[in-house]
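Enquirer: Dumping the structure here so I can ask a few things about it.
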Amino acid sequence: MPAYMKLKISVNILCLFTCLLSFSQDNLHSSLTINPELKKSANAVVRLSDVTLEIKERRSMSVSLKRIVTVLNEKGNRFVQAYVGYDKYRKIKKIEALIYNESGKEIKKIKKRDFIDQSAVDGGTLYSDSRVLYMSYLPISYPYTVEFTYEMDTPNTAAIPSWGLFDGYYVSVEKDIYTIKDLANLGLRSKKKRFESFNVEVNENSRLIEFKAENVKALKPESLSPTLSKLTPFGMVAVERFHYNGVDGQAKNWAEFGDWIENSLLKGRNTVTAKTKGEILNLVKGVEDPIEKAKIVYQFVQDNTRYISVQVGIGGIQPIPALEVDRLKYGDCKGLTNYTQALLTIADVPSFYSIVQAGPQIVDFDPDFASLQQGNHIILGIPNEDETIWVDCTSQIHPFGFIGDFTDSRNVLLVKGNESKIVETTSYPDSLNIQSIKAKVNLDIEGNLSSNVVIKTNGIQYDSRFVIERKTDKNILEHYKSFWNNINNLEIENYNFENDKTNVEFTEEVAISASKYGSVNNERLIFVPNIFNKNNYVPDRYRNRKLSFEIQRGYLDIDNFEIVIPESYELEALPDDVEINTDFGLYSVGFSVVEDKIEYTRKLYIKKGAYDKSAYSTYRDFRKKVSKLDNSIIVLKKSK
């Protein structure tokens, strides 16, 4: 074959290879084209997230989404997120999903009629128009890729979706674009957090905002790492002039937003039936103290209504009328809070509708950026001289004025007309989140024990314990066997509870027995004196920790056990008293012997706080020492 022919063939092959390579690199449907770096620590890779919001008029906004996700394993399925909510104000024009196999071949097409259409709410008809379309797909192999698209129109421009780069841990991002166009010139504004750390590109002017990020590796969670919202990029967007459910509004700060909420969303929704009004007036008759009146009203709401879970974003931001809640005896957080506020008004007690980001992780409202996209729950603030008493009107069991760890210690919007402002909810100091355990323990010569145990809890520790009284007998027994899983052959003889809602204190009296708790070895009886509150928690070890760490809530455990030495035995070995003081808290343990009794006293005080990753090993060492000392042993020997 002539040399030029060989050269020509080689050039053609090279061109073909180059074209194929170029094509494969642009193919977002094939898992084979993913950069290997993006697969590290990832269960899924977001190949593309392209969200475009276009505000055409004050009462017209379109939203379009294209999301391509490659799922690498079963744990990555949750990152597909092929769903969208709708109602009479949000109209879905188009929705579709395409499924691709590992090599990028289309294997399934899911049209709008194939999506599952169901109510976004269970248990009531008040929100029957709040619905969700979601894709149901059972993968037959991994990896696979989903391309999900939808287009939606809405007249509401009041709560513009925020942008966040990460959907969670263990998911990486190949490309993410968020674009909002303000064609109506409504006063576009934004707030950006932690963009620099992730090289987020920003293109912004008075009519356009665009956030863009590429090739961002997955993050792995670490013990005590803060929430992703405190670590990763987050962008909030709002317009100063907007529309919501037939009502125009204008606001650029929290005072203006609160004034609009009160006068446009709440006004005229606070009437109840004459029968209920008469009941409330009769219940508070002769009561002068407004807080005592509020307690009576709160109890009335707890006794006469039930809660239906509807997030603020799903059910909208406007509560249903109090008259509807009064008639049907149920509602979501907005409806029940508005209803309670209406009843308090009848009782001549002022109160304030308040918006909060609820959850066990503390998330604050941004005090400098007013946006209705913040917040997922509604609570009620009741003024009491220089403080505010907070109540969650969705709870049928919490004491008046106790909100627990669902809405504590965070910035919220208190709606008070043009005096609306960001305030902080109740904080529960570390030293008042108390669990106190007292026990009298009898050991026999075979190591069997019996004991009467009294547990008292306050503060946040109350919040995690008082629900026990509502459990079945079977579940109560399972609870104690789990709580005291260090005690083999545990038997719960009986129990009694006292829930002091006035002082927010829960008391548990439990009688227990256990065979062979102590180990008999020749003439010695060996046992661990920390019978009822052994803390073996030690955070994971990291050679090269990446993230800072946070103790969101502190607590104080106080233990006092009186252990009777069995007849014919005497003390041979007793651990030393120890006290450890650190920046993270305090641990102390002490022993004393009085006649035939060993007094065991213990205190563990953990402080909340945010710490640099460099302090993590020191904190871990502290917890290791606590665990070791909690497993200390006492040795008794036969008397001579």
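A note on labels: chains of the structure tokens are A, B, ... as shown, every chain counts residues from 1, and ligands are counted from 1 in their shown order.
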Let's see if you can do this: from backbone DSSP, list all strand (DSSP E or B) residues in stretch 232-423 of chain A, as a PDB file with C-alpha atoms, in the first residue's frame.

Expert:
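selection-v2.pdb, freshly written:
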```pdb
ATOM      1  CA  PHE A 234     -26.221  29.583  49.043  1.00  0.00           C
ATOM      2  CA  GLY A 235     -27.888  32.356  47.082  1.00  0.00           C
ATOM      3  CA  MET A 236     -31.159  34.100  47.928  1.00  0.00           C
ATOM      4  CA  VAL A 237     -33.091  36.170  45.406  1.00  0.00           C
ATOM      5  CA  ALA A 238     -36.108  38.457  45.765  1.00  0.00           C
ATOM      6  CA  VAL A 239     -37.886  41.338  44.060  1.00  0.00           C
ATOM      7  CA  ARG A 241     -42.465  44.588  44.050  1.00  0.00           C
ATOM      8  CA  PHE A 242     -44.322  41.296  43.799  1.00  0.00           C
ATOM      9  CA  HIS A 243     -47.647  39.468  43.641  1.00  0.00           C
ATOM     10  CA  TYR A 244     -49.167  36.631  45.666  1.00  0.00           C
ATOM     11  CA  VAL A 247     -52.595  40.498  46.093  1.00  0.00           C
ATOM     12  CA  ASP A 248     -49.793  42.840  45.091  1.00  0.00           C
ATOM     13  CA  GLY A 249     -47.074  43.696  47.572  1.00  0.00           C
ATOM     14  CA  GLN A 250     -43.963  45.768  47.979  1.00  0.00           C
ATOM     15  CA  ARG A 306     -55.473  18.303  65.343  1.00  0.00           C
ATOM     16  CA  TYR A 307     -52.507  19.065  63.134  1.00  0.00           C
ATOM     17  CA  TYR A 330     -57.820  20.690  62.031  1.00  0.00           C
ATOM     18  CA  GLY A 331     -55.238  22.720  60.144  1.00  0.00           C
ATOM     19  CA  PHE A 352     -47.856  37.714  67.039  1.00  0.00           C
ATOM     20  CA  TYR A 353     -47.829  35.345  64.072  1.00  0.00           C
ATOM     21  CA  SER A 354     -44.175  34.392  63.516  1.00  0.00           C
ATOM     22  CA  ILE A 355     -42.317  32.604  60.717  1.00  0.00           C
ATOM     23  CA  VAL A 356     -39.446  30.249  61.567  1.00  0.00           C
ATOM     24  CA  HIS A 377     -43.130  26.746  59.920  1.00  0.00           C
ATOM     25  CA  ILE A 378     -45.321  29.166  61.880  1.00  0.00           C
ATOM     26  CA  ILE A 379     -45.360  29.674  65.656  1.00  0.00           C
ATOM     27  CA  LEU A 380     -46.940  32.237  67.935  1.00  0.00           C
ATOM     28  CA  GLY A 381     -45.213  34.830  70.110  1.00  0.00           C
ATOM     29  CA  ILE A 382     -47.021  36.155  73.193  1.00  0.00           C
ATOM     30  CA  PRO A 383     -45.543  39.272  74.826  1.00  0.00           C
ATOM     31  CA  ASN A 384     -44.915  39.079  78.557  1.00  0.00           C
ATOM     32  CA  GLU A 387     -39.822  38.821  77.020  1.00  0.00           C
ATOM     33  CA  THR A 388     -41.762  36.766  74.502  1.00  0.00           C
ATOM     34  CA  ILE A 389     -43.393  33.461  75.334  1.00  0.00           C
ATOM     35  CA  TRP A 390     -43.384  31.142  72.346  1.00  0.00           C
ATOM     36  CA  VAL A 391     -45.941  28.433  71.636  1.00  0.00           C
ATOM     37  CA  ASN A 411     -33.817  34.110  64.441  1.00  0.00           C
ATOM     38  CA  VAL A 412     -37.449  34.317  63.286  1.00  0.00           C
ATOM     39  CA  LEU A 413     -39.713  36.947  61.757  1.00  0.00           C
ATOM     40  CA  LEU A 414     -42.199  38.310  64.296  1.00  0.00           C
ATOM     41  CA  LYS A 416     -46.224  43.072  63.940  1.00  0.00           C
ATOM     42  CA  ASN A 418     -44.704  47.976  60.277  1.00  0.00           C
ATOM     43  CA  LYS A 421     -38.675  42.440  63.085  1.00  0.00           C
ATOM     44  CA  ILE A 422     -36.230  39.592  63.408  1.00  0.00           C
ATOM     45  CA  VAL A 423     -36.121  38.259  66.975  1.00  0.00           C
TER      46      VAL A 423
END
```

Enquirer: Just the residues within 7 Å of A:Ala42, please, counting only C-alpha atoms, with nothing from its chain fewer than 5 positions along; format it as a ChimeraX atom specification.

Expert: /A:170-172,218

Enquirer: Could you please determine the separation between atom CA of A:Val173 and atom CA of A:Val46 in Å, to one decimal place?

Expert: 4.7 Å

Enquirer: With only C-alpha atoms as the counted atoms, please give the residues lying no more than 7 Å from A:Leu336, apart from itself and same-chain residues fewer than 4 positions off, as a PyMOL selection string.

Expert: chain A and resi 331-332+340+393-394

Enquirer: Could you work out how far atom CA of A:Val510 lies from atom CA of A:Tyr495, giving the answer in Å with one decimal?

Expert: 4.3 Å

Enquirer: Can you tell me which residues surround stretch 473-482 of chain A at a distance of at most 7 Å, considering only C-alpha atoms, apart from same-chain residues fewer than 5 positions away, and format the answer as an NGL selection string?

Expert: :A and (468 or 490 or 492)
